Every structure is written in C-alpha cells, then in structure tokens.
$ cat final-v4.cif   # mmCIF, C-alpha atoms and all ligand atoms
data_start
#
loop_
_atom_site.label_atom_id
_atom_site.label_comp_id
_atom_site.auth_asym_id
_atom_site.auth_seq_id
_atom_site.Cartn_x
_atom_site.Cartn_y
_atom_site.Cartn_z
CA MET A 681 17.84 34.57 9.90
CA ALA A 682 16.52 31.03 10.12
CA THR A 683 16.10 29.33 13.50
CA PRO A 684 18.95 26.91 14.19
CA LEU A 685 18.16 23.30 15.01
CA ARG A 686 19.51 21.40 17.99
CA ARG A 687 22.53 19.34 17.10
CA ASP A 688 22.42 16.95 20.04
CA GLY A 689 20.90 13.47 19.97
CA ARG A 690 21.80 12.73 16.38
CA ASP A 691 23.77 9.66 17.46
CA ALA A 692 20.34 7.98 17.41
CA HIS A 693 20.86 7.60 13.67
CA PRO A 694 22.62 4.56 12.27
CA ASP A 695 26.17 4.66 10.97
CA ARG A 696 25.97 4.68 7.16
CA ASP A 697 28.73 2.09 7.04
CA HIS A 698 27.05 -1.05 8.35
CA PRO A 699 28.65 -4.16 6.79
CA ALA A 700 25.87 -6.52 7.93
CA TYR A 701 23.58 -4.60 5.54
CA ARG A 702 25.59 -5.36 2.44
CA SER A 703 24.21 -2.63 0.18
CA THR A 704 25.81 -0.01 2.41
CA ALA A 705 29.30 -1.11 1.26
CA LEU A 706 29.47 0.99 -1.92
CA ARG A 707 26.89 3.56 -0.93
CA HIS A 708 28.36 5.35 2.08
CA PRO A 709 30.82 8.23 1.81
CA LYS A 710 34.30 7.55 3.13
CA GLN A 711 35.40 11.17 3.32
CA PRO A 712 34.43 13.11 6.45
CA LEU A 713 31.25 15.19 6.15
CA VAL A 714 31.85 18.93 6.07
CA PRO A 715 30.08 20.66 8.98
CA LEU A 716 27.47 23.19 7.90
CA HIS A 717 26.27 25.28 10.80
CA ASP A 718 22.97 27.15 10.57
CA PRO A 719 22.71 27.44 6.80
CA GLU A 720 19.75 29.52 5.60
CA THR A 721 18.77 27.12 2.85
CA GLU A 722 18.77 23.84 4.78
CA LEU A 723 16.89 25.52 7.64
CA ALA A 724 14.12 26.64 5.31
CA ARG A 725 10.87 24.75 5.11
CA PRO A 726 10.16 22.88 1.88
CA PHE A 727 6.75 23.04 0.30
CA LEU A 728 5.69 19.66 -1.07
CA GLY A 729 3.55 20.34 -4.11
CA ALA A 730 1.85 16.95 -4.16
CA GLY A 731 -1.62 18.47 -3.95
CA PRO A 732 -4.01 18.59 -1.01
CA VAL A 733 -4.37 15.53 1.20
CA ALA A 734 -7.66 13.84 0.29
CA PRO A 735 -10.06 12.55 2.97
CA LEU A 736 -9.29 8.87 2.28
CA ASP A 737 -5.53 9.23 1.89
CA HIS A 738 -5.06 8.16 5.53
CA ASP A 739 -7.18 5.00 5.09
CA LEU A 740 -5.22 2.40 3.14
CA THR A 741 -8.12 -0.04 3.43
CA ALA A 742 -10.56 2.25 1.60
CA GLN A 743 -8.71 3.08 -1.61
CA HIS A 744 -10.21 0.30 -3.77
CA ASP A 745 -13.57 -1.35 -4.47
CA GLY A 746 -13.31 -3.83 -1.62
CA PRO A 747 -11.43 -4.26 1.65
CA PRO A 748 -7.90 -5.70 1.52
CA LEU A 749 -7.04 -9.05 3.07
CA GLY A 750 -5.15 -9.03 6.34
CA GLU A 751 -5.34 -7.87 9.90
CA ARG A 752 -6.93 -4.40 10.00
CA ILE A 753 -4.96 -2.04 12.25
CA VAL A 754 -4.96 1.58 13.36
CA VAL A 755 -1.54 3.22 13.57
CA THR A 756 -1.47 6.51 15.42
CA GLY A 757 0.86 8.72 17.41
CA ARG A 758 2.26 12.19 17.78
CA VAL A 759 4.90 13.99 15.78
CA LEU A 760 7.05 16.01 18.16
CA ASP A 761 10.21 18.00 17.88
CA GLY A 762 13.26 17.37 20.02
CA ASN A 763 11.99 19.85 22.64
CA GLY A 764 8.76 17.89 23.07
CA THR A 765 6.67 20.39 21.11
CA PRO A 766 3.91 18.76 19.03
CA LEU A 767 4.18 19.56 15.33
CA ALA A 768 0.78 20.45 13.87
CA GLY A 769 -0.01 20.37 10.16
CA GLN A 770 2.87 18.01 9.39
CA LEU A 771 2.63 15.92 6.27
CA VAL A 772 3.22 12.25 7.09
CA GLU A 773 3.78 9.90 4.14
CA VAL A 774 3.69 6.11 4.61
CA TRP A 775 4.12 3.08 2.41
CA GLN A 776 4.20 -0.64 3.06
CA ALA A 777 3.86 -4.19 1.76
CA ASN A 778 0.48 -5.92 1.82
CA ALA A 779 -0.51 -8.55 4.37
CA SER A 780 1.37 -11.19 2.36
CA GLY A 781 4.60 -9.20 2.33
CA ARG A 782 4.38 -8.02 -1.28
CA TYR A 783 4.77 -4.43 -2.49
CA ALA A 784 2.53 -3.09 -5.24
CA GLN A 785 5.62 -2.19 -7.26
CA ALA A 786 6.63 -4.04 -10.41
CA GLU A 787 10.22 -4.51 -9.23
CA ASP A 788 9.09 -6.56 -6.22
CA ARG A 789 9.42 -10.18 -7.39
CA HIS A 790 8.61 -11.86 -4.07
CA ASP A 791 6.46 -14.91 -4.74
CA ALA A 792 3.54 -13.75 -2.62
CA PRO A 793 0.17 -12.59 -3.94
CA LEU A 794 -0.66 -9.02 -4.79
CA ASP A 795 -3.94 -7.81 -3.35
CA PRO A 796 -6.13 -5.96 -5.87
CA ASN A 797 -7.66 -4.09 -2.95
CA PHE A 798 -4.41 -2.82 -1.49
CA THR A 799 -1.82 -0.38 -2.80
CA GLY A 800 -0.11 0.41 0.50
CA VAL A 801 0.43 4.18 0.18
CA GLY A 802 -1.00 6.74 2.58
CA ARG A 803 -0.67 10.38 3.57
CA CYS A 804 -2.11 12.53 6.29
CA LEU A 805 -1.58 15.81 8.11
CA THR A 806 -1.08 15.95 11.87
CA ASP A 807 -3.82 17.72 13.82
CA ALA A 808 -3.39 20.63 16.22
CA ALA A 809 -1.97 18.26 18.87
CA GLY A 810 0.54 16.78 16.41
CA VAL A 811 -1.44 13.54 16.07
CA TYR A 812 -1.44 11.46 12.90
CA ARG A 813 -3.64 8.42 12.31
CA PHE A 814 -3.70 5.75 9.61
CA VAL A 815 -5.99 2.79 9.02
CA THR A 816 -4.27 -0.07 7.22
CA VAL A 817 -3.53 -3.80 7.38
CA LYS A 818 -0.53 -5.24 9.15
CA PRO A 819 2.22 -5.69 6.54
CA GLY A 820 3.68 -9.16 6.16
CA PRO A 821 7.39 -9.92 6.49
CA TYR A 822 9.24 -10.42 3.20
CA PRO A 823 12.45 -12.10 2.09
CA TRP A 824 15.42 -10.24 0.63
CA ARG A 825 18.81 -11.28 -0.64
CA ASN A 826 21.10 -9.73 1.95
CA HIS A 827 22.10 -13.06 3.52
CA ASP A 828 20.90 -16.65 3.83
CA LYS A 829 17.27 -16.81 5.03
CA ALA A 830 17.04 -13.03 5.23
CA TRP A 831 13.52 -11.81 6.07
CA ARG A 832 12.60 -8.24 6.85
CA PRO A 833 10.38 -7.94 9.92
CA SER A 834 6.94 -6.38 9.34
CA HIS A 835 7.40 -2.63 8.95
CA ILE A 836 5.77 0.53 7.67
CA HIS A 837 7.95 3.15 5.97
CA PHE A 838 7.47 6.74 7.18
CA SER A 839 8.60 10.02 5.59
CA LEU A 840 8.47 13.41 7.36
CA PHE A 841 9.99 16.88 7.07
CA GLY A 842 9.57 18.66 10.41
CA THR A 843 10.14 22.39 10.14
CA ALA A 844 13.11 22.35 7.79
CA PHE A 845 15.04 20.45 5.15
CA ALA A 846 17.53 19.76 7.97
CA SER A 847 14.91 17.97 10.08
CA ARG A 848 14.02 15.58 7.25
CA LEU A 849 13.46 11.99 8.36
CA ILE A 850 12.79 8.76 6.54
CA THR A 851 12.43 5.78 8.82
CA GLN A 852 10.56 2.53 9.42
CA MET A 853 8.09 1.56 12.14
CA TYR A 854 8.29 -1.98 13.49
CA PHE A 855 5.81 -4.10 15.46
CA PRO A 856 6.27 -5.23 19.08
CA GLY A 857 7.32 -8.80 19.68
CA ASP A 858 8.30 -9.48 16.08
CA PRO A 859 10.63 -12.50 16.21
CA LEU A 860 12.52 -11.25 13.14
CA LEU A 861 13.75 -8.03 14.77
CA PRO A 862 16.99 -9.48 16.21
CA TYR A 863 17.95 -10.88 12.80
CA ASP A 864 17.32 -7.74 10.74
CA PRO A 865 20.54 -5.84 9.92
CA VAL A 866 18.57 -2.75 8.90
CA MET A 867 16.83 -2.45 12.26
CA GLN A 868 19.96 -3.60 14.10
CA SER A 869 22.03 -0.87 12.44
CA VAL A 870 20.67 1.48 15.11
CA ASN A 871 22.43 1.44 18.49
CA PRO A 872 20.67 -0.59 21.20
CA GLY A 873 19.58 2.43 23.21
CA ALA A 874 17.72 3.97 20.28
CA ARG A 875 16.51 0.87 18.46
CA GLU A 876 13.34 0.35 20.47
CA ARG A 877 12.21 3.86 19.55
CA MET A 878 11.33 2.45 16.13
CA VAL A 879 9.01 -0.18 17.64
CA ALA A 880 5.33 0.73 18.09
CA SER A 881 3.32 -0.36 21.14
CA PHE A 882 0.08 -2.25 21.08
CA ASP A 883 -2.44 0.28 22.34
CA LEU A 884 -5.87 -0.42 23.76
CA GLU A 885 -6.94 3.19 23.40
CA ALA A 886 -6.22 3.14 19.66
CA THR A 887 -7.91 -0.26 19.33
CA VAL A 888 -11.47 -0.13 17.96
CA ASP A 889 -13.93 -2.66 19.39
CA GLN A 890 -14.99 -5.34 16.87
CA TRP A 891 -13.02 -3.62 14.12
CA ALA A 892 -9.25 -3.08 14.42
CA THR A 893 -6.29 -3.49 16.76
CA GLY A 894 -4.38 -0.31 17.53
CA TYR A 895 -0.70 0.58 17.58
CA ARG A 896 0.85 3.74 18.94
CA TRP A 897 4.11 5.23 17.73
CA ASP A 898 5.44 8.72 18.44
CA ILE A 899 7.98 10.26 16.09
CA VAL A 900 10.55 12.80 17.25
CA LEU A 901 12.27 15.12 14.78
CA ARG A 902 15.07 17.63 15.32
CA GLY A 903 13.71 20.77 16.92
CA PRO A 904 14.84 24.37 17.27
CA GLY A 905 17.51 25.21 19.79
CA ALA A 906 20.69 27.09 20.42
CA ALA A 907 23.53 25.95 18.27
CA LEU A 908 25.08 23.71 20.91
CA PHE A 909 27.88 22.04 19.08
CA GLU A 910 28.85 18.56 19.94
CA GLU A 911 32.21 17.88 21.43
CA GLY A 912 34.91 17.66 18.82
CA GLU A 913 32.75 19.23 16.17
CA GLY A 914 34.05 22.38 14.64
CA MET B 561 17.97 21.21 28.45
CA PRO B 562 17.91 17.49 27.67
CA GLY B 563 15.97 16.84 24.52
CA GLN B 564 13.34 14.34 23.60
CA ALA B 565 15.19 11.38 22.11
CA LEU B 566 15.15 11.51 18.32
CA THR B 567 13.58 8.80 16.18
CA PRO B 568 16.36 6.99 14.30
CA ALA B 569 16.52 7.06 10.50
CA GLN B 570 16.26 3.98 8.28
CA THR B 571 16.85 3.43 4.58
CA VAL B 572 14.15 4.46 2.12
CA GLY B 573 14.47 0.84 0.90
CA PRO B 574 14.19 -0.47 -2.62
CA PHE B 575 10.43 -0.10 -3.04
CA TYR B 576 9.43 3.52 -2.54
CA GLY B 577 8.84 4.14 -6.24
CA PHE B 578 5.10 3.49 -6.05
CA ALA B 579 4.74 5.78 -3.06
CA LEU B 580 6.97 8.85 -2.78
CA PRO B 581 7.29 10.19 -6.34
CA TYR B 582 4.36 12.36 -7.43
CA PRO B 583 3.36 13.97 -10.71
CA GLY B 584 5.25 17.22 -11.07
CA GLY B 585 7.76 16.27 -8.36
CA PRO B 586 10.78 16.97 -10.58
CA VAL B 587 9.29 20.34 -11.58
CA VAL B 588 10.50 22.75 -8.91
CA VAL B 589 9.24 25.76 -10.85
CA GLU B 590 6.65 25.31 -13.58
CA GLY B 591 8.05 26.59 -16.86
CA GLY B 592 11.47 27.20 -15.28
CA GLU B 593 14.27 27.81 -17.77
CA LEU B 594 16.90 25.85 -15.87
CA ARG B 595 17.33 22.13 -16.37
CA LEU B 596 19.48 20.38 -13.80
CA SER B 597 20.20 16.75 -14.49
CA GLY B 598 22.69 14.15 -13.37
CA ALA B 599 23.24 10.66 -12.10
CA VAL B 600 23.73 9.07 -8.71
CA LEU B 601 26.73 6.70 -8.74
CA ASP B 602 28.09 4.24 -6.18
CA GLY B 603 31.65 3.55 -5.06
CA ALA B 604 32.26 1.30 -8.09
CA GLY B 605 31.05 4.04 -10.45
CA ASP B 606 27.88 2.09 -11.15
CA PRO B 607 24.55 3.91 -11.40
CA VAL B 608 22.24 3.83 -8.40
CA PRO B 609 18.82 3.13 -9.87
CA ASP B 610 16.98 3.21 -6.56
CA ALA B 611 17.86 6.60 -5.16
CA LEU B 612 15.52 9.51 -4.51
CA VAL B 613 16.89 13.02 -4.96
CA GLU B 614 15.22 16.01 -3.29
CA VAL B 615 16.11 19.68 -3.75
CA LEU B 616 15.24 22.88 -1.90
CA GLN B 617 16.25 26.31 -3.17
CA ALA B 618 15.71 30.04 -3.02
CA ASP B 619 13.70 31.83 -5.71
CA VAL B 620 15.36 34.08 -8.28
CA ARG B 621 15.56 36.86 -5.68
CA GLY B 622 17.21 34.65 -3.07
CA ARG B 623 14.13 34.24 -0.91
CA LEU B 624 13.43 30.93 0.78
CA ASP B 625 9.93 31.51 2.12
CA SER B 626 8.19 29.89 -0.85
CA GLY B 627 9.93 26.58 -0.04
CA LEU B 628 10.76 25.69 -3.66
CA PHE B 629 11.09 21.92 -3.50
CA GLY B 630 11.51 19.07 -5.95
CA ARG B 631 11.61 15.29 -5.71
CA CYS B 632 12.87 12.93 -8.40
CA PRO B 633 13.47 9.17 -8.27
CA THR B 634 16.47 7.90 -10.22
CA ALA B 635 15.89 5.94 -13.41
CA PRO B 636 17.60 2.59 -14.21
CA GLU B 637 20.76 4.46 -15.32
CA GLY B 638 20.78 6.40 -12.07
CA ARG B 639 19.60 9.55 -13.84
CA PHE B 640 17.49 12.34 -12.39
CA ALA B 641 16.44 15.73 -13.81
CA PHE B 642 14.76 18.83 -12.39
CA THR B 643 13.11 21.79 -14.07
CA THR B 644 13.64 24.96 -12.09
CA VAL B 645 15.00 28.52 -12.08
CA ARG B 646 18.44 29.73 -11.15
CA PRO B 647 18.24 30.75 -7.48
CA GLY B 648 19.43 34.14 -6.28
CA PRO B 649 22.08 34.48 -3.57
CA THR B 650 20.70 33.85 -0.06
CA ALA B 651 20.78 36.24 2.89
CA ASP B 652 23.62 34.38 4.62
CA GLY B 653 26.02 35.40 1.86
CA CYS B 654 25.94 32.14 -0.04
CA ALA B 655 26.37 32.10 -3.80
CA PRO B 656 23.42 30.72 -5.81
CA HIS B 657 22.92 27.06 -4.93
CA LEU B 658 20.41 24.29 -4.44
CA ALA B 659 20.35 22.21 -1.26
CA VAL B 660 20.15 18.51 -2.09
CA ILE B 661 19.15 15.41 -0.13
CA VAL B 662 19.94 11.93 -1.42
CA HIS B 663 18.02 8.89 -0.18
CA ALA B 664 18.76 5.38 -1.45
CA ARG B 665 18.51 1.72 -0.78
CA GLY B 666 21.69 0.92 1.13
CA LEU B 667 21.84 4.40 2.64
CA LEU B 668 20.67 4.14 6.24
CA LEU B 669 20.59 7.92 6.75
CA HIS B 670 20.11 10.36 3.87
CA LEU B 671 22.94 12.64 2.73
CA HIS B 672 23.00 16.43 2.25
CA THR B 673 24.97 18.08 -0.53
CA ARG B 674 24.67 21.30 -2.60
CA VAL B 675 24.76 22.28 -6.25
CA TYR B 676 26.64 25.48 -7.16
CA PHE B 677 27.01 26.99 -10.62
CA PRO B 678 30.17 27.19 -12.73
CA GLY B 679 31.58 30.63 -13.53
CA GLU B 680 29.57 32.30 -10.77
CA PRO B 681 31.66 35.18 -9.37
CA LEU B 682 29.96 34.92 -5.95
CA ASN B 683 31.35 31.40 -5.47
CA ALA B 684 34.69 32.91 -4.42
CA ALA B 685 33.11 34.49 -1.31
CA ASP B 686 30.71 31.67 -0.44
CA PRO B 687 31.18 30.71 3.23
CA VAL B 688 30.20 27.08 2.66
CA LEU B 689 32.49 26.51 -0.32
CA ALA B 690 35.24 28.14 1.74
CA LYS B 691 35.04 25.29 4.27
CA VAL B 692 35.54 22.63 1.62
CA PRO B 693 39.11 21.50 0.89
CA ASP B 694 40.29 22.95 -2.45
CA ALA B 695 40.72 19.55 -4.07
CA ARG B 696 37.12 18.55 -3.41
CA ARG B 697 35.29 21.84 -4.07
CA GLY B 698 34.72 20.95 -7.70
CA THR B 699 32.36 18.14 -6.74
CA LEU B 700 29.85 20.80 -5.65
CA ILE B 701 29.96 22.75 -8.93
CA ALA B 702 27.62 21.68 -11.71
CA ALA B 703 28.96 21.34 -15.25
CA GLU B 704 27.54 23.16 -18.22
CA ALA B 705 25.65 20.76 -20.43
CA GLU B 706 23.90 21.08 -23.76
CA ASP B 707 20.50 21.24 -22.11
CA GLY B 708 21.35 23.06 -18.90
CA TYR B 709 23.57 21.91 -16.08
CA ARG B 710 24.78 18.48 -15.10
CA PHE B 711 25.48 17.44 -11.52
CA ASP B 712 26.56 13.90 -10.74
CA ILE B 713 26.44 12.63 -7.18
CA ARG B 714 29.18 10.12 -6.29
CA LEU B 715 28.36 8.44 -3.01
CA GLN B 716 31.88 7.04 -2.65
CA GLY B 717 35.16 6.72 -4.52
CA PRO B 718 37.97 8.88 -5.90
CA ASP B 719 35.71 11.80 -6.85
CA GLU B 720 33.34 11.35 -3.93
CA THR B 721 30.90 14.25 -3.71
CA VAL B 722 31.23 16.52 -0.70
CA PHE B 723 28.44 15.80 1.77
CA PHE B 724 27.53 18.04 4.67
CA ASP B 725 26.82 17.48 8.32
CA VAL B 726 23.89 19.89 8.50
FE FE C 1 10.13 -2.24 3.17
#

$ encode --input "final-v4.cif" --output "structure tokens"
Amino acid sequence: MATPLRRDGRDAHPDRDHPAYRSTALRHPKQPLVPLHDPETELARPFLGAGPVAPLDHDLTAQHDGPPLGERIVVTGRVLDGNGTPLAGQLVEVWQANASGRYAQAEDRHDAPLDPNFTGVGRCLTDAAGVYRFVTVKPGPYPWRNHDKAWRPSHIHFSLFGTAFASRLITQMYFPGDPLLPYDPVMQSVNPGARERMVASFDLEATVDQWATGYRWDIVLRGPGAALFEEGEG
Amino acid sequence: MPGQALTPAQTVGPFYGFALPYPGGPVVVEGGELRLSGAVLDGAGDPVPDALVEVLQADVRGRLDSGLFGRCPTAPEGRFAFTTVRPGPTADGCAPHLAVIVHARGLLLHLHTRVYFPGEPLNAADPVLAKVPDARRGTLIAAEAEDGYRFDIRLQGPDETVFFDV
C-alpha cells in the first residue's frame, strides 16, 4: 500500500477562481472536487522518460555559442517535503523569459528582442542534501493583456514531482523587491501569508565573486504523513 | 506535528511549450496498442490550446512501480493523444484507469481526474467511481473511438469533468 501524503497546509495554493486573473473565468471547475483519499495510483511515483540530465542542462548561460545578454545569476535552494525532509535525486525543470522579457517560443509576440544565445530552459537533479542549482540570467518583466498596463514581474517557472503524482507542483519563483509584485494578479492570487514563500532571497553565499549574484529559494512539496483529514472534509 | 509550509502553486502560463514537452512524452509505452486521445475544453466549450496533460498508470498487470508516465501539450484545437497499454486493475480494488493531471494557462493550480474504460465489468465495484454522483460518473468514462478511446476534459460547464481532491 502506498504511503499517504499529508493533507494539511494545502490552503497555501491559490483558489482556481480568481477574477482578477481573467483567464481563470472559464477554466476553473464550478462543481465541488470529489475527495480521493490515499489512492494507489496518484500516490505512485511517475518516471519521466525525458532522458538523462546532461551536465550543462543546469546552466542556461552555456547552451549556445556565446553568453546571453543580461545579469548573470545563480539560483539555488533545497527541495524539501512538508516534514522538512530534503528530497534527493529530484528532477527540477525550469523555464523563463530572456533578460528582455521575451520567451523563445513562437507564440510570444512581445516586441522585445530574442537572444540567439539564450533559450531559457533548464533541468537538474537535487543532490543528496536536496539542493538544486541553476546558472542563468535574470528574466525581464513582460507585458500581457490581462488588464491595462499589465506587466508580469520577473519570474522563473519551476516544475517538480516530489515522491508522487499527488505531490506534483508547478509554480513560479519571484525576485525580492520587484515593484511589479503588488500589481500582479497571478502572484496576488495566493493568500498573503503564503505569497512571500514564492519570493527568493538575495544570498551572499550563493553569490560568486566577480561573476554572478546569487538567489536562494527553497521549495516545499507535500510529504508523507498520517491521513489527517481537514475539518469538514469527508 | 506542524508541517513545513508548502510552496504555493502558480499557473503553468502560456509559454511552456518550448520547455516542458519532450520527444516521446505522449508515448507512455513504446509500441503500446492503446491510443487515448481527446480535447481539453473551457466553460464556453472552446478548445484550450495551451493546456498540458499528464498521465500516470499501472502496467498491464496493475503494478505501479514502473511509474508509467506521459506528457502531452494540447494542440491549437485543444487536442492531445497518448500511446499506451490498457492498465490492469490496481491493488486498492480500482478498475483499470489512468490518473490524469491537467495544467493550463488560467489554471492557478492543476487539476486531477481519471480515465476509466467503457464496458469494463470492474467499474461497478470501483471505490472511486462509487463516490461520484451517478449523473456525473460518465465524465470519467472514455468513449470508444475508431482509433482507440476518446476522453474529453471539460474544465467547466454543463458536462464538467469530475475532478478530484487528491
Ligand atoms: Fe512566464
């Protein structure tokens, strides 16, 4: 029998119905979700057959002939489960816009330059202490059409699995002191107590002298635990 | 015991297509005889062209330890398709099924659903299907199609798919 996951703390996640982010209007279910307690399948661990992680997959500045434009940064932190246990060997997938705020995807029509030396996709595995580390450039903010003068704050998209399909997480990491954060309905969809957990810290230890500034960001996924059901859940 | 506070989820956004899909992602089992296809639709019945569908399933003997997983981005018409095998029943007494996660632009936290198979006698005793109101159970059952099975995912609306709080 699969190990159950803790069910507490999930109110950290945003409500799927968030009118200020207009695209949620037709894309959130209106019927109540059906509770599924300790299902074998969703507690199993998926195997991502994307091939082995290559040595340079974690370095987004070294995937082309030359270095990309922008502010070189190191982004590092630990992947933990909800009990504080570091998760070793975790695949971490990231993607981001370039320093000008443009994605290397054809559908992105933002009038900012592409950088031939930057794709903005990285992968790595956490080490024995649950630590991941990427080298990249700080992504630029970019406009979108959600509302008048809508600009997304600088962010890096993260994708992780944890130990099970049920601990899956896709999220975004933000940068400290970004003046756009209070105006971003995506970031603001998360309740105030949990919001700052998506913001990295500037970190001197991760900073490399004469080379790159460092940011630290820990990620916490659902961990194993007794099936403590939340009040009113049944 | 108080837990470590969880990291909140955020939408996959519109521009993951150059990053998350990978060659062979929609092939859960190489050479599998089962084709599962469908579309993701929004509350107006319009296709969702920027969703990402992920599946996890047991092997033909109902075992989950090989972690059979697939990932498929939706095309402009909202379509996705997987190549796989029909899973066996799992140890918890569930009828053959695939677990499904849907990510999309406009979806701040992904959704879980399941695909079951039509005409499967074990469906009647499945403990998960049993929890679903009769009128909505059909949204979890794939339809037979010319080339395999079809499973549409309706995020909202009159035939809204059943989603699970896992
Ligand atoms: Fe983005």

$ residues_near_ligand --input "final-v4.cif" --ligand "ligand FE 1 (chain C)" --cutoff "7 Å" --atoms "only C-alpha atoms and all ligand atoms" --output "list in words"
Gln776, Ala777, His835, Ile836 and His837 of chain A; Gly573 and Phe575 of chain B

$ atom_distance --input "final-v4.cif" --atom1 "CA of Asp602 (chain B)" --atom2 "CA of His708 (chain A)"
8.3 Å

$ residues_around --input "final-v4.cif" --residues "region 736-741 of chain A" --least-positions-apart "5" --cutoff "12 Å" --atoms "all atoms listed in the file" --output "MDAnalysis selection string"
(chainID A and resid 731 746:756 771:779 795:806 812:819 892) or (chainID B and resid 579)

$ residues_around --input "final-v4.cif" --residues "Thr721 (chain A)" --least-positions-apart "6" --cutoff "10 Å" --atoms "only C-alpha atoms" --output "list in words"
Ala682, Ala844, Phe845 and Ala846 of chain A; Leu616, Gln617, Ala618, Gly622, Arg623, Leu624, Asp625, Gly627, Thr650, Ala651, Asp652, Cys654, His657, Leu658, Ala659 and Arg674 of chain B

$ write_last_selection --input "final-v4.cif" --atoms "C-alpha atoms" --output "mmCIF file, in the frame of the given file"
data_model
loop_
_atom_site.group_PDB
_atom_site.id
_atom_site.type_symbol
_atom_site.label_atom_id
_atom_site.label_comp_id
_atom_site.auth_asym_id
_atom_site.auth_seq_id
_atom_site.Cartn_x
_atom_site.Cartn_y
_atom_site.Cartn_z
ATOM 1 C CA ALA A 682 16.520 31.030 10.120
ATOM 2 C CA ALA A 844 13.110 22.350 7.790
ATOM 3 C CA PHE A 845 15.040 20.450 5.150
ATOM 4 C CA ALA A 846 17.530 19.760 7.970
ATOM 5 C CA LEU B 616 15.240 22.880 -1.900
ATOM 6 C CA GLN B 617 16.250 26.310 -3.170
ATOM 7 C CA ALA B 618 15.710 30.040 -3.020
ATOM 8 C CA GLY B 622 17.210 34.650 -3.070
ATOM 9 C CA ARG B 623 14.130 34.240 -0.910
ATOM 10 C CA LEU B 624 13.430 30.930 0.780
ATOM 11 C CA ASP B 625 9.930 31.510 2.120
ATOM 12 C CA GLY B 627 9.930 26.580 -0.040
ATOM 13 C CA THR B 650 20.700 33.850 -0.060
ATOM 14 C CA ALA B 651 20.780 36.240 2.890
ATOM 15 C CA ASP B 652 23.620 34.380 4.620
ATOM 16 C CA CYS B 654 25.940 32.140 -0.040
ATOM 17 C CA HIS B 657 22.920 27.060 -4.930
ATOM 18 C CA LEU B 658 20.410 24.290 -4.440
ATOM 19 C CA ALA B 659 20.350 22.210 -1.260
ATOM 20 C CA ARG B 674 24.670 21.300 -2.600
#

$ residues_around --input "final-v4.cif" --residues "Pro568 (chain B)" --least-positions-apart "2" --cutoff "8 Å" --atoms "only C-alpha atoms" --output "PyMOL selection string"
(chain A and resi 692-694+851+870+874-875+877-878) or (chain B and resi 566+570)
